>>> print(open('input-v2.txt').read())   # compact mmCIF, C-alpha atoms and all ligand atoms
# COMPACT_ATOMS: atom_id res chain seq x y z
CA MET A 30 62.93 17.23 -96.29
CA SER A 31 65.22 19.62 -94.46
CA ASN A 32 67.87 18.18 -92.14
CA LYS A 33 67.71 21.28 -89.94
CA ASN A 34 66.46 21.17 -86.37
CA LYS A 35 62.79 21.92 -85.86
CA ALA A 36 63.29 25.23 -84.05
CA THR A 37 65.38 26.45 -86.99
CA ILE A 38 62.79 25.27 -89.53
CA ALA A 39 60.02 27.06 -87.62
CA VAL A 40 61.99 30.30 -87.56
CA ARG A 41 63.52 30.24 -91.06
CA HIS A 42 61.31 28.38 -93.52
CA GLY A 43 60.19 30.84 -96.24
CA ILE A 44 62.52 33.62 -95.10
CA GLU A 45 63.86 35.39 -98.24
CA ALA A 46 61.22 33.74 -100.40
CA ASP A 47 60.65 37.11 -102.12
CA LYS A 48 63.05 37.06 -105.05
CA HIS A 49 61.68 40.36 -106.41
CA HIS A 50 62.60 42.71 -103.55
CA GLY A 51 64.36 40.46 -101.10
CA ALA A 52 61.78 41.06 -98.36
CA VAL A 53 62.98 39.01 -95.38
CA VAL A 54 59.46 38.22 -94.22
CA PRO A 55 57.32 36.59 -96.93
CA PRO A 56 54.99 39.33 -98.29
CA LEU A 57 51.24 39.04 -97.88
CA TYR A 58 49.50 38.06 -101.12
CA LEU A 59 45.87 39.11 -100.92
CA SER A 60 45.16 38.87 -104.66
CA THR A 61 42.38 36.41 -105.42
CA THR A 62 43.54 35.83 -108.99
CA TYR A 63 46.82 35.62 -110.92
CA SER A 64 47.53 36.50 -114.55
CA PHE A 65 48.37 33.77 -117.06
CA ALA A 66 51.93 34.08 -118.37
CA ASP A 67 50.66 33.47 -121.91
CA PHE A 68 47.80 31.81 -123.75
CA ASP A 69 47.18 28.41 -122.11
CA THR A 70 50.23 29.00 -119.87
CA LYS A 71 49.36 29.04 -116.20
CA ARG A 72 51.82 30.30 -113.62
CA GLN A 73 52.27 28.53 -110.27
CA TYR A 74 49.12 30.21 -108.92
CA ASP A 75 45.87 30.94 -110.72
CA TYR A 76 43.10 31.38 -108.12
CA GLY A 77 43.16 32.08 -104.36
CA ARG A 78 40.99 29.19 -103.23
CA SER A 79 43.22 26.69 -105.04
CA GLY A 80 46.59 28.14 -104.08
CA ASN A 81 48.20 31.09 -102.32
CA PRO A 82 51.87 31.76 -101.43
CA ASN A 83 51.22 32.59 -97.75
CA ARG A 84 49.19 29.45 -97.28
CA ASP A 85 51.85 27.37 -99.03
CA ILE A 86 54.72 28.64 -96.88
CA LEU A 87 52.74 27.86 -93.71
CA ALA A 88 51.75 24.43 -95.07
CA GLU A 89 55.34 23.54 -96.03
CA THR A 90 56.68 24.68 -92.65
CA LEU A 91 54.13 22.61 -90.74
CA ALA A 92 54.75 19.58 -92.97
CA GLU A 93 58.48 19.85 -92.24
CA LEU A 94 57.86 20.22 -88.51
CA GLU A 95 55.58 17.16 -88.41
CA GLY A 96 57.84 15.08 -90.66
CA GLY A 97 55.08 14.78 -93.29
CA ALA A 98 55.11 14.99 -97.08
CA LYS A 99 52.43 17.64 -97.58
CA GLY A 100 50.41 20.12 -95.53
CA ILE A 101 47.01 21.66 -96.20
CA ILE A 102 45.90 24.85 -94.47
CA THR A 103 42.20 25.11 -93.67
CA ALA A 104 39.97 27.93 -92.43
CA THR A 105 39.39 26.37 -88.97
CA GLY A 106 40.47 23.37 -86.94
CA MET A 107 37.03 21.87 -87.49
CA SER A 108 37.35 22.18 -91.27
CA ALA A 109 40.65 20.29 -90.97
CA VAL A 110 38.82 17.52 -89.07
CA HIS A 111 36.01 17.56 -91.65
CA LEU A 112 38.52 17.37 -94.51
CA VAL A 113 39.90 14.07 -93.24
CA THR A 114 36.40 12.53 -93.21
CA GLN A 115 36.25 13.08 -97.01
CA LEU A 116 38.43 9.96 -97.27
CA LEU A 117 35.50 7.84 -96.02
CA ASN A 118 32.66 6.28 -97.99
CA SER A 119 29.28 5.58 -96.40
CA ASP A 120 30.14 1.95 -95.63
CA ASP A 121 33.56 2.77 -94.13
CA THR A 122 33.97 2.61 -90.35
CA LEU A 123 35.65 5.36 -88.37
CA VAL A 124 36.92 4.50 -84.87
CA ILE A 125 37.04 7.50 -82.54
CA PRO A 126 38.07 7.93 -78.88
CA HIS A 127 35.22 8.43 -76.41
CA ASP A 128 36.85 11.58 -75.05
CA CYS A 129 37.86 13.35 -78.28
CA TYR A 130 37.37 17.11 -78.71
CA GLY A 131 33.67 17.96 -78.34
CA GLY A 132 33.42 19.64 -81.75
CA SER A 133 34.98 16.61 -83.46
CA TYR A 134 32.63 14.27 -81.58
CA ARG A 135 29.62 16.35 -82.66
CA LEU A 136 30.80 16.35 -86.29
CA PHE A 137 31.50 12.59 -86.44
CA THR A 138 28.16 11.68 -84.81
CA SER A 139 26.20 14.03 -87.12
CA LEU A 140 27.90 12.57 -90.21
CA GLU A 141 27.01 9.11 -88.93
CA LYS A 142 23.35 10.11 -88.38
CA ARG A 143 23.14 11.20 -92.02
CA GLY A 144 24.58 7.85 -93.15
CA LEU A 145 27.82 9.38 -94.47
CA LEU A 146 30.02 7.02 -92.45
CA LYS A 147 29.88 4.28 -89.82
CA LEU A 148 31.14 5.10 -86.35
CA LYS A 149 32.59 3.11 -83.45
CA VAL A 150 33.40 4.91 -80.21
CA LEU A 151 36.08 3.32 -77.99
CA ASP A 152 38.16 4.26 -74.96
CA LEU A 153 41.52 4.12 -76.73
CA THR A 154 43.47 5.08 -73.62
CA GLN A 155 42.87 1.50 -72.38
CA ALA A 156 45.18 -1.02 -74.04
CA ASN A 157 42.66 -3.86 -73.51
CA ASN A 158 40.27 -2.08 -75.91
CA HIS A 159 42.84 -2.13 -78.71
CA GLN A 160 42.11 -5.77 -79.57
CA GLN A 161 38.57 -4.83 -80.62
CA ILE A 162 39.87 -2.56 -83.36
CA ALA A 163 41.06 -5.30 -85.72
CA ALA A 164 37.65 -7.03 -85.62
CA ILE A 165 35.89 -3.76 -86.51
CA LYS A 166 38.01 -3.45 -89.70
CA PRO A 167 37.96 0.35 -89.72
CA LYS A 168 39.01 2.47 -92.68
CA LEU A 169 40.25 5.19 -90.32
CA ILE A 170 41.21 5.40 -86.64
CA TRP A 171 41.08 8.82 -84.98
CA LEU A 172 43.45 9.64 -82.13
CA GLU A 173 43.74 12.57 -79.78
CA THR A 174 46.47 12.38 -77.19
CA PRO A 175 46.70 13.80 -74.58
CA SER A 176 42.94 14.12 -74.35
CA ASN A 177 40.87 17.02 -73.16
CA PRO A 178 40.36 17.91 -70.31
CA ILE A 179 41.94 15.23 -68.09
CA LEU A 180 44.98 14.58 -70.25
CA ARG A 181 44.75 10.83 -70.75
CA LEU A 182 47.22 9.37 -73.23
CA THR A 183 46.77 6.90 -76.06
CA ASP A 184 49.70 4.70 -77.06
CA ILE A 185 50.24 5.93 -80.63
CA LYS A 186 52.68 3.17 -81.66
CA ALA A 187 50.40 0.41 -80.36
CA ILE A 188 47.49 1.80 -82.41
CA THR A 189 49.49 2.28 -85.61
CA CYS A 190 50.71 -1.33 -85.26
CA ILE A 191 47.13 -2.64 -85.12
CA ALA A 192 46.14 -0.31 -87.98
CA LYS A 193 48.88 -1.78 -90.21
CA GLN A 194 47.60 -5.29 -89.47
CA CYS A 195 44.03 -4.42 -90.47
CA GLY A 196 44.84 -1.97 -93.29
CA ALA A 197 43.40 1.10 -91.54
CA LEU A 198 44.62 4.68 -91.79
CA VAL A 199 45.39 6.54 -88.55
CA ALA A 200 44.79 10.26 -88.04
CA ALA A 201 45.97 12.09 -84.90
CA ASP A 202 44.72 15.44 -83.63
CA ASN A 203 48.00 16.88 -82.32
CA THR A 204 46.57 20.22 -81.18
CA PHE A 205 47.29 19.79 -77.46
CA LEU A 206 51.05 19.32 -77.83
CA SER A 207 51.90 20.94 -81.18
CA PRO A 208 54.73 19.68 -83.44
CA ALA A 209 57.24 21.04 -80.91
CA LEU A 210 56.41 18.29 -78.41
CA GLN A 211 54.95 15.36 -80.34
CA ASN A 212 55.25 14.10 -83.93
CA PRO A 213 52.70 11.33 -84.54
CA ILE A 214 53.86 10.69 -88.14
CA GLU A 215 57.23 9.57 -86.74
CA LEU A 216 55.26 7.02 -84.66
CA GLY A 217 53.50 5.59 -87.72
CA VAL A 218 50.44 7.86 -88.09
CA ASP A 219 49.25 8.69 -91.64
CA ILE A 220 47.60 12.06 -91.05
CA VAL A 221 48.09 14.79 -88.42
CA VAL A 222 45.41 17.38 -87.73
CA HIS A 223 45.83 20.71 -85.94
CA SER A 224 43.63 23.46 -84.73
CA THR A 225 46.29 26.12 -85.43
CA THR A 226 44.03 28.43 -83.36
CA LYS A 227 45.78 27.02 -80.30
CA TYR A 228 49.57 26.65 -79.78
CA ILE A 229 50.66 27.00 -83.42
CA ASN A 230 49.34 30.53 -83.83
CA GLY A 231 49.65 30.94 -80.08
CA HIS A 232 48.28 34.46 -79.66
CA SER A 233 44.51 33.87 -79.50
CA ASP A 234 43.85 36.02 -82.56
CA VAL A 235 43.42 33.62 -85.51
CA VAL A 236 41.07 30.66 -85.97
CA GLY A 237 42.64 28.15 -88.35
CA GLY A 238 43.48 24.54 -89.04
CA ALA A 239 45.97 22.26 -90.78
CA VAL A 240 46.15 18.71 -92.08
CA ILE A 241 49.55 17.09 -92.66
CA ALA A 242 49.80 13.87 -94.65
CA ALA A 243 52.65 11.38 -94.30
CA THR A 244 52.68 10.62 -98.06
CA HIS A 245 52.37 12.76 -101.19
CA GLU A 246 49.58 10.54 -102.47
CA LEU A 247 47.41 11.07 -99.39
CA GLY A 248 48.38 14.75 -99.29
CA ASP A 249 47.34 15.28 -102.92
CA GLU A 250 43.99 13.58 -102.33
CA LEU A 251 43.30 15.75 -99.26
CA ALA A 252 44.45 18.93 -101.05
CA TRP A 253 42.10 18.09 -103.94
CA TRP A 254 39.20 17.79 -101.49
CA ALA A 255 40.16 21.01 -99.66
CA ASN A 256 39.98 22.95 -102.92
CA ASN A 257 36.88 21.06 -104.03
CA ILE A 258 34.82 21.86 -100.95
CA GLY A 259 36.42 25.29 -100.54
CA ILE A 260 37.75 25.19 -96.99
CA THR A 261 41.27 26.50 -97.60
CA GLY A 262 42.51 29.16 -95.16
CA ALA A 263 42.67 32.91 -95.78
CA PRO A 264 46.03 34.47 -96.79
CA PHE A 265 46.10 36.96 -93.90
CA ASP A 266 45.31 34.19 -91.40
CA SER A 267 48.19 32.16 -92.83
CA TYR A 268 50.48 35.19 -92.60
CA LEU A 269 49.64 35.73 -88.93
CA THR A 270 49.79 32.02 -88.11
CA LEU A 271 53.27 31.76 -89.65
CA ARG A 272 54.34 34.73 -87.52
CA GLY A 273 53.06 32.88 -84.45
CA LEU A 274 54.72 29.64 -85.54
CA ARG A 275 58.14 31.35 -85.66
CA THR A 276 58.21 31.40 -81.83
CA LEU A 277 56.50 28.04 -81.21
CA ASN A 278 59.51 26.37 -79.62
CA VAL A 279 60.38 29.13 -77.17
CA ARG A 280 56.73 29.60 -76.24
CA LEU A 281 56.24 25.89 -75.60
CA LYS A 282 59.33 25.73 -73.42
CA GLN A 283 57.91 28.45 -71.18
CA HIS A 284 54.34 27.10 -71.32
CA GLN A 285 55.43 23.72 -70.08
CA GLU A 286 57.93 24.98 -67.54
CA ASN A 287 55.15 27.09 -66.02
CA ALA A 288 52.65 24.22 -66.31
CA PHE A 289 55.01 21.82 -64.58
CA THR A 290 55.54 24.29 -61.73
CA LEU A 291 51.80 24.85 -61.32
CA ALA A 292 51.11 21.10 -61.46
CA GLN A 293 53.63 20.47 -58.67
CA TYR A 294 52.20 23.32 -56.62
CA LEU A 295 48.65 22.03 -57.06
CA GLU A 296 49.69 18.51 -56.15
CA CYS A 297 50.95 19.81 -52.79
CA SER A 298 47.92 22.00 -52.18
CA PRO A 299 45.57 21.06 -49.33
CA TYR A 300 42.69 22.49 -51.41
CA VAL A 301 43.16 20.11 -54.33
CA SER A 302 42.09 16.46 -54.45
CA GLN A 303 43.67 15.44 -57.77
CA VAL A 304 45.97 16.89 -60.43
CA TYR A 305 46.06 15.71 -64.04
CA TYR A 306 49.37 16.44 -65.76
CA PRO A 307 51.41 13.89 -67.74
CA GLY A 308 54.64 15.35 -66.36
CA LEU A 309 53.81 14.28 -62.80
CA LYS A 310 55.06 10.89 -61.62
CA SER A 311 51.55 10.35 -60.20
CA HIS A 312 50.06 10.45 -63.74
CA PRO A 313 49.19 6.83 -64.61
CA GLN A 314 50.74 7.20 -68.07
CA HIS A 315 53.80 9.24 -67.12
CA GLU A 316 56.15 6.62 -68.65
CA LEU A 317 54.19 6.55 -71.93
CA ALA A 318 54.34 10.37 -72.01
CA LYS A 319 58.14 10.20 -71.72
CA GLN A 320 58.27 7.67 -74.58
CA GLN A 321 56.06 9.29 -77.18
CA GLN A 322 56.23 13.00 -76.28
CA ARG A 323 59.20 15.37 -76.15
CA GLY A 324 57.60 17.36 -73.33
CA PHE A 325 54.48 17.36 -71.20
CA GLY A 326 52.74 20.43 -72.59
CA GLY A 327 51.06 23.47 -71.12
CA MET A 328 47.68 22.09 -70.06
CA VAL A 329 46.98 21.21 -66.42
CA SER A 330 43.66 20.10 -64.93
CA PHE A 331 42.72 19.48 -61.31
CA ASP A 332 39.82 18.75 -59.02
CA ILE A 333 39.31 21.29 -56.28
CA LYS A 334 38.11 19.92 -52.92
CA GLY A 335 34.49 20.71 -52.15
CA ASP A 336 31.67 21.24 -54.62
CA ILE A 337 30.69 23.40 -57.58
CA ASN A 338 30.33 26.46 -55.32
CA ASP A 339 33.94 26.14 -54.22
CA ALA A 340 34.99 25.86 -57.87
CA ALA A 341 32.97 28.99 -58.69
CA ALA A 342 34.33 30.99 -55.73
CA PHE A 343 37.91 29.99 -56.60
CA LEU A 344 37.55 30.82 -60.30
CA THR A 345 36.00 34.22 -59.71
CA SER A 346 38.65 35.36 -57.26
CA LEU A 347 41.57 34.81 -59.66
CA LYS A 348 43.10 37.91 -61.24
CA ASP A 349 45.90 36.67 -63.51
CA PHE A 350 43.93 33.83 -65.13
CA THR A 351 41.15 34.70 -67.57
CA LEU A 352 37.95 32.69 -67.27
CA ALA A 353 37.63 31.55 -70.89
CA GLU A 354 37.47 28.53 -73.18
CA SER A 355 40.19 27.74 -75.74
CA LEU A 356 43.89 27.22 -75.07
CA GLY A 357 47.40 27.63 -76.36
CA GLY A 358 47.69 31.42 -76.26
CA VAL A 359 50.45 33.25 -74.39
CA GLU A 360 47.98 34.32 -71.68
CA SER A 361 46.79 31.94 -68.96
CA LEU A 362 43.18 30.86 -69.37
CA ILE A 363 41.19 28.93 -66.83
CA CYS A 364 37.95 27.10 -67.42
CA HIS A 365 35.30 25.04 -65.69
CA PRO A 366 34.67 22.26 -68.25
CA ALA A 367 31.32 21.15 -66.73
CA THR A 368 29.69 24.55 -67.36
CA MET A 369 31.86 25.68 -70.28
CA THR A 370 33.66 23.41 -72.81
CA HIS A 371 31.69 20.26 -71.86
CA ALA A 372 28.34 21.88 -71.01
CA GLY A 373 26.76 20.33 -74.11
CA MET A 374 27.46 16.81 -72.83
CA GLU A 375 24.75 14.81 -71.07
CA ALA A 376 25.57 14.67 -67.31
CA THR A 377 26.26 10.91 -67.04
CA ALA A 378 28.44 10.89 -70.18
CA ARG A 379 30.27 13.91 -68.80
CA LEU A 380 30.89 12.19 -65.45
CA ASN A 381 31.98 9.00 -67.24
CA ALA A 382 34.56 11.05 -69.10
CA GLY A 383 35.89 12.25 -65.71
CA VAL A 384 34.48 15.76 -66.03
CA GLY A 385 32.90 16.43 -62.64
CA ASP A 386 31.66 19.69 -61.13
CA THR A 387 34.94 20.32 -59.31
CA LEU A 388 37.19 19.88 -62.35
CA ILE A 389 39.17 22.96 -63.41
CA ARG A 390 41.32 23.18 -66.55
CA ILE A 391 44.18 25.63 -67.01
CA SER A 392 45.85 26.60 -70.26
CA VAL A 393 49.03 27.80 -68.59
CA GLY A 394 50.43 30.90 -70.25
CA ILE A 395 53.94 32.31 -70.39
CA GLU A 396 53.54 34.98 -67.68
CA ASP A 397 56.07 35.05 -64.82
CA VAL A 398 55.24 31.86 -62.95
CA ASN A 399 55.58 33.54 -59.55
CA ASP A 400 52.68 35.83 -60.38
CA LEU A 401 50.59 32.81 -61.38
CA LEU A 402 51.49 30.98 -58.16
CA ALA A 403 50.71 34.05 -56.04
CA ASP A 404 47.33 34.39 -57.74
CA LEU A 405 46.40 30.74 -57.13
CA ASP A 406 47.59 31.15 -53.55
CA GLN A 407 45.41 34.20 -52.83
CA ALA A 408 42.36 32.54 -54.43
CA PHE A 409 42.79 29.38 -52.33
CA ALA A 410 43.34 31.53 -49.23
CA GLN A 411 40.10 33.44 -49.89
CA LEU A 412 38.28 30.15 -50.24
CA ASN A 413 39.72 28.98 -46.96
CA ALA A 414 38.87 32.28 -45.23
CA ALA A 415 35.27 32.08 -46.44
CA LYS A 416 34.99 28.52 -45.09
CA SER A 417 36.62 29.12 -41.68
CA PRO A 418 35.69 32.66 -40.59
CA THR A 419 37.00 32.00 -37.07
CA LEU A 420 40.47 31.30 -38.40
CA THR A 421 40.47 34.58 -40.28
CA GLU A 422 39.17 36.47 -37.24
CA GLN A 423 41.82 35.01 -34.96
CA GLN A 424 44.67 35.61 -37.35
CA GLY A 425 43.58 38.96 -38.66
CA ASP A 426 44.20 38.17 -42.30
CA VAL A 427 44.97 35.32 -44.67
CA ALA A 428 48.74 35.74 -44.62
CA GLU A 429 49.21 32.75 -42.34
CA VAL A 430 47.40 30.46 -44.74
CA LYS A 431 49.53 31.72 -47.58
CA THR A 432 52.81 30.97 -45.81
CA GLN A 433 51.65 27.49 -44.94
CA GLN A 434 50.86 26.86 -48.55
CA ASP A 435 54.20 28.26 -49.69
CA SER A 436 56.26 26.16 -47.34
CA SER A 437 54.65 22.92 -48.47
CA PHE A 438 55.57 23.59 -52.07
CA LYS A 439 58.96 22.69 -53.47
CA PHE A 440 59.61 23.46 -57.10
CA THR A 441 61.86 21.12 -59.06
CA PRO A 442 62.84 22.45 -62.47
CA ALA A 443 63.44 19.07 -64.13
CA LEU A 444 62.08 19.51 -67.60
CA THR A 445 65.17 20.59 -69.48
CA ALA A 446 66.33 16.98 -69.85
CA LEU A 447 63.41 16.33 -72.17
CA TRP A 448 64.45 18.96 -74.69
C1 LIG A 501 39.96 23.71 -80.74
C2 LIG A 501 40.15 22.32 -81.16
C3 LIG A 501 39.63 21.84 -82.38
C4 LIG A 501 38.77 22.71 -83.28
O1 LIG A 501 39.48 23.78 -83.81
P1 LIG A 501 38.84 25.21 -84.21
O2 LIG A 501 40.03 25.95 -84.66
O3 LIG A 501 38.17 25.75 -83.00
O4 LIG A 501 37.86 24.95 -85.31
C5 LIG A 501 39.89 20.52 -82.71
N1 LIG A 501 40.61 19.70 -81.90
C6 LIG A 501 41.10 20.15 -80.73
C7 LIG A 501 41.88 19.19 -79.88
C8 LIG A 501 40.91 21.45 -80.32
O5 LIG A 501 41.39 21.86 -79.14
>>> encode(input="input-v2.txt", output="C-alpha cells", more="lines below")
Ligand SMILES: *Cc1c(COP(=O)(O)O)cnc(C)c1O
Amino acid sequence: MSNKNKATIAVRHGIEADKHHGAVVPPLYLSTTYSFADFDTKRQYDYGRSGNPNRDILAETLAELEGGAKGIITATGMSAVHLVTQLLNSDDTLVIPHDCYGGSYRLFTSLEKRGLLKLKVLDLTQANNHQQIAAIKPKLIWLETPSNPILRLTDIKAITCIAKQCGALVAADNTFLSPALQNPIELGVDIVVHSTTKYINGHSDVVGGAVIAATHELGDELAWWANNIGITGAPFDSYLTLRGLRTLNVRLKQHQENAFTLAQYLECSPYVSQVYYPGLKSHPQHELAKQQQRGFGGMVSFDIKGDINDAAAFLTSLKDFTLAESLGGVESLICHPATMTHAGMEATARLNAGVGDTLIRISVGIEDVNDLLADLDQAFAQLNAAKSPTLTEQQGDVAEVKTQQDSSFKFTPALTALW
C-alpha cells in the first residue's frame, strides 16, 4: 500500500501507466479481447468482462483510498450491493439497518422472499439494539452511515467489535461520505461498497459502483463472483469515474463547507423546524461524527414549518437548486423524499423512518455559497409573502423579510480543523 496522502493517491495513481507512449492520463482501452502472447501463453488481460486496464486503475485507486486490499468495479451501485450478497448461502442471516438505501432494502427483501438468504432488520443507530446482533449469529452485517435522508449515524467500531465476537462479516455502504471523509475498513469493516454514481464520479454523468475488500482472500472471492455473474463496469465509465475521482478531495472540501454554511443558516431560519446535519452541535450524534468521520459531508436535510403545500411552494420557487433525486454531483440538488426517493415506502414505515411530508433533502453543490443562500432566502420570503399578504402590502416588497433573515444568520467557518 502506498504511504502517500489520500489526496495525492486520488490525483496520481495510474498517471504514466502507459509505458508505450508515455501518455500522462491512462489511455482508454475499449478492446473486448486481447491477443495471446504465444500458444497457451496468456497476457495480463484476455477478455473485457474478466479484466480491463481502465477498470483496474480505478479499482486500485479506490482500494488505496479506502485502505483495502482489493477493489472491484461494477456497472452500478446496486450491482455492487448485489455482489456482496453472493457471499451468503440460503441459511445465512444478513442484518440490515431499517433505514438503509431504498434500492438496497428492496434487493435484500426480494432475495429473502425467494429464500436466497435470511434477513433481520434492526435500527442500528441505537446502541441498545446492538446486543441483539450476537444472538442472531449473522453471517453479514450491513451498515450505512450516515443514513439517508435524515443523516443518522451508526457506531462503526461498536458494530465491528460485536461482529468479531460472533464471527460475522461487516459491509459498509460508504456512498454518502466517500473515502475522502470516512474509511470504514480502518474502523474494522471487512467490505466497503460505493455507488460511484454519487461523490466519487461527482459529475452526475456516470452510473457505477465499487466493492473494496479488506483482505486479498475476500477480494479474490468477490472478484470471481463479479466476473462469474458478469456485472463488471464498462471501460469508458471507469475512465470517466477516475477523472472524477482525481478531484474528489477538493470537491468534498467545498461540498461540506457549503453544506455546513447552509445547515447553520437553516438552523437560524424562522421557517424551519428542524435541521439534520452531523456537523451541527444540535445533531444527537455530533460527537460520534467527529470520532469516526473526517468531515460532515455535503448532505443536509430539514423540516420546513407548515405542511406539504409549504414544502411544494418552497421547492418550486428555488432557482439555483434543481428538483431531482440522486446526490454527490457538483450541482446542488434538492428533493422531497416523501414524494420522490421514498415514495415507494408505505406511509407508516416512511413516517417511522422520520420521513414526513415537510422533510426536504439537499445535496449541496459547489456553487458560490452566497448564491445558494440568496436563493433559499428568496424562496422563504415568497412563502412568507404568500402566507401574510398584509405584510407584503404594507411593506411593498419582501426585502424587509430578507434582511431580517440575513441578520439572524451568523456563519462560522469552523470546518478546516477537521481536515
Ligand atoms: C445511489 C445509492 C445506491 C445505488 O447506486 P446506483 O449507482 O444508483 O445503482 C446505493 N447506496 C446508496 C447509499 C446510494 O445513495
>>> residues_near_ligand(input="input-v2.txt", ligand="ligand LIG 501 (chain A)", cutoff="10 Å", atoms="only C-alpha atoms and all ligand atoms", output="number ranges by chain")
A: 103-111, 129-134, 172-178, 201-206, 222-228, 235-239, 354-357
>>> atom_distance(input="input-v2.txt", atom1="atom CA of Thr61 of chain A", atom2="atom CA of Thr114 of chain A")
27.5 Å
>>> closest_residue(input="input-v2.txt", among="A:Pro56, A:Leu405, A:Ile170, A:Val240", to="Leu112 of chain A", atoms="all atoms listed in the file")
A:Val240
>>> closest_residue(input="input-v2.txt", among="A:Ile38, A:Ile185, A:Ala163, A:Val113", to="Gln322 of chain A", atoms="all atoms listed in the file")
A:Ile185
>>> residues_around(input="input-v2.txt", residues="Met369 of chain A", least_positions_apart="5", cutoff="12 Å", atoms="all atoms listed in the file", output="PDB file with C-alpha atoms, keeping the file's coordinate frame")
ATOM      1  CA  GLY A 131      33.670  17.960 -78.340  1.00  0.00           C
ATOM      2  CA  PRO A 178      40.360  17.910 -70.310  1.00  0.00           C
ATOM      3  CA  LEU A 352      37.950  32.690 -67.270  1.00  0.00           C
ATOM      4  CA  ALA A 353      37.630  31.550 -70.890  1.00  0.00           C
ATOM      5  CA  GLU A 354      37.470  28.530 -73.180  1.00  0.00           C
ATOM      6  CA  SER A 355      40.190  27.740 -75.740  1.00  0.00           C
ATOM      7  CA  ILE A 363      41.190  28.930 -66.830  1.00  0.00           C
ATOM      8  CA  CYS A 364      37.950  27.100 -67.420  1.00  0.00           C
ATOM      9  CA  MET A 374      27.460  16.810 -72.830  1.00  0.00           C
ATOM     10  CA  ARG A 379      30.270  13.910 -68.800  1.00  0.00           C
ATOM     11  CA  VAL A 384      34.480  15.760 -66.030  1.00  0.00           C
ATOM     12  CA  ASP A 386      31.660  19.690 -61.130  1.00  0.00           C
ATOM     13  CA  LEU A 388      37.190  19.880 -62.350  1.00  0.00           C
ATOM     14  CA  ILE A 389      39.170  22.960 -63.410  1.00  0.00           C
ATOM     15  CA  ARG A 390      41.320  23.180 -66.550  1.00  0.00           C
TER      16      ARG A 390
END
>>> closest_residue(input="input-v2.txt", among="A:Asp128, A:Asp47, A:Asp67, A:Glu250", to="Leu180 of chain A", atoms="all atoms listed in the file")
A:Asp128
>>> closest_residue(input="input-v2.txt", among="A:Glu93, A:Gly259, A:Ile44, A:Leu123", to="Tyr76 of chain A", atoms="only C-alpha atoms")
A:Gly259
>>> closest_residue(input="input-v2.txt", among="A:Gly217, A:Gly196, A:Gly385, A:Gly327", to="Thr290 of chain A", atoms="only C-alpha atoms")
A:Gly327
>>> closest_residue(input="input-v2.txt", among="A:Asn118, A:His312, A:Pro55, A:Ala372", to="Gly144 of chain A", atoms="all atoms listed in the file")
A:Asn118
>>> residues_around(input="input-v2.txt", residues="segment 334-338 of chain A", least_positions_apart="3", cutoff="9 Å", atoms="all atoms listed in the file", output="PDB file with C-alpha atoms, in the coordinates of the input")
ATOM      1  CA  PRO A 299      45.570  21.060 -49.330  1.00  0.00           C
ATOM      2  CA  TYR A 300      42.690  22.490 -51.410  1.00  0.00           C
ATOM      3  CA  VAL A 301      43.160  20.110 -54.330  1.00  0.00           C
ATOM      4  CA  SER A 302      42.090  16.460 -54.450  1.00  0.00           C
ATOM      5  CA  GLN A 303      43.670  15.440 -57.770  1.00  0.00           C
ATOM      6  CA  ALA A 341      32.970  28.990 -58.690  1.00  0.00           C
ATOM      7  CA  ALA A 342      34.330  30.990 -55.730  1.00  0.00           C
ATOM      8  CA  PHE A 343      37.910  29.990 -56.600  1.00  0.00           C
ATOM      9  CA  GLY A 385      32.900  16.430 -62.640  1.00  0.00           C
ATOM     10  CA  ASP A 386      31.660  19.690 -61.130  1.00  0.00           C
ATOM     11  CA  THR A 387      34.940  20.320 -59.310  1.00  0.00           C
ATOM     12  CA  LEU A 388      37.190  19.880 -62.350  1.00  0.00           C
TER      13      LEU A 388
END
>>> atom_distance(input="input-v2.txt", atom1="atom CA of Asp249 of chain A", atom2="atom CA of Ser207 of chain A")
22.9 Å
>>> residues_near_point(input="input-v2.txt", point="(58.5, 26.7, -78.2)", cutoff="12 Å", atoms="only C-alpha atoms", output="PyMOL selection string")
chain A and resi 35-37+39-40+206-210+228-231+273-286+323-324+326-327+357-359+395+448
>>> atom_distance(input="input-v2.txt", atom1="atom CA of His245 of chain A", atom2="atom CA of Thr62 of chain A")
25.9 Å
>>> decode(input="input-v2.txt", residues="segment 45-51 of chain A", atoms="N, CA, C and O atoms", output="PDB file, in the first residue's frame")
ATOM      1  N   GLU A  45       1.005   8.047 -15.866  1.00  0.00           N
ATOM      2  CA  GLU A  45       2.183   7.476 -16.541  1.00  0.00           C
ATOM      3  C   GLU A  45       2.156   5.963 -16.573  1.00  0.00           C
ATOM      4  O   GLU A  45       3.198   5.311 -16.633  1.00  0.00           O
ATOM      5  N   ALA A  46       0.963   5.375 -16.548  1.00  0.00           N
ATOM      6  CA  ALA A  46       0.881   3.914 -16.622  1.00  0.00           C
ATOM      7  C   ALA A  46       1.201   3.437 -18.041  1.00  0.00           C
ATOM      8  O   ALA A  46       1.581   2.286 -18.244  1.00  0.00           O
ATOM      9  N   ASP A  47       1.058   4.317 -19.021  1.00  0.00           N
ATOM     10  CA  ASP A  47       1.293   3.940 -20.419  1.00  0.00           C
ATOM     11  C   ASP A  47       2.788   3.943 -20.744  1.00  0.00           C
ATOM     12  O   ASP A  47       3.391   4.991 -20.955  1.00  0.00           O
ATOM     13  N   LYS A  48       3.368   2.756 -20.734  1.00  0.00           N
ATOM     14  CA  LYS A  48       4.815   2.642 -20.973  1.00  0.00           C
ATOM     15  C   LYS A  48       5.132   2.788 -22.469  1.00  0.00           C
ATOM     16  O   LYS A  48       6.248   3.086 -22.862  1.00  0.00           O
ATOM     17  N   HIS A  49       4.115   2.570 -23.326  1.00  0.00           N
ATOM     18  CA  HIS A  49       4.344   2.579 -24.765  1.00  0.00           C
ATOM     19  C   HIS A  49       4.618   3.990 -25.283  1.00  0.00           C
ATOM     20  O   HIS A  49       5.606   4.237 -25.963  1.00  0.00           O
ATOM     21  N   HIS A  50       3.710   4.931 -24.934  1.00  0.00           N
ATOM     22  CA  HIS A  50       3.833   6.296 -25.452  1.00  0.00           C
ATOM     23  C   HIS A  50       4.080   7.321 -24.349  1.00  0.00           C
ATOM     24  O   HIS A  50       4.309   8.492 -24.643  1.00  0.00           O
ATOM     25  N   GLY A  51       3.961   6.913 -23.133  1.00  0.00           N
ATOM     26  CA  GLY A  51       4.131   7.867 -22.035  1.00  0.00           C
ATOM     27  C   GLY A  51       2.934   8.794 -21.855  1.00  0.00           C
ATOM     28  O   GLY A  51       3.082   9.891 -21.306  1.00  0.00           O
TER      29      GLY A  51
END
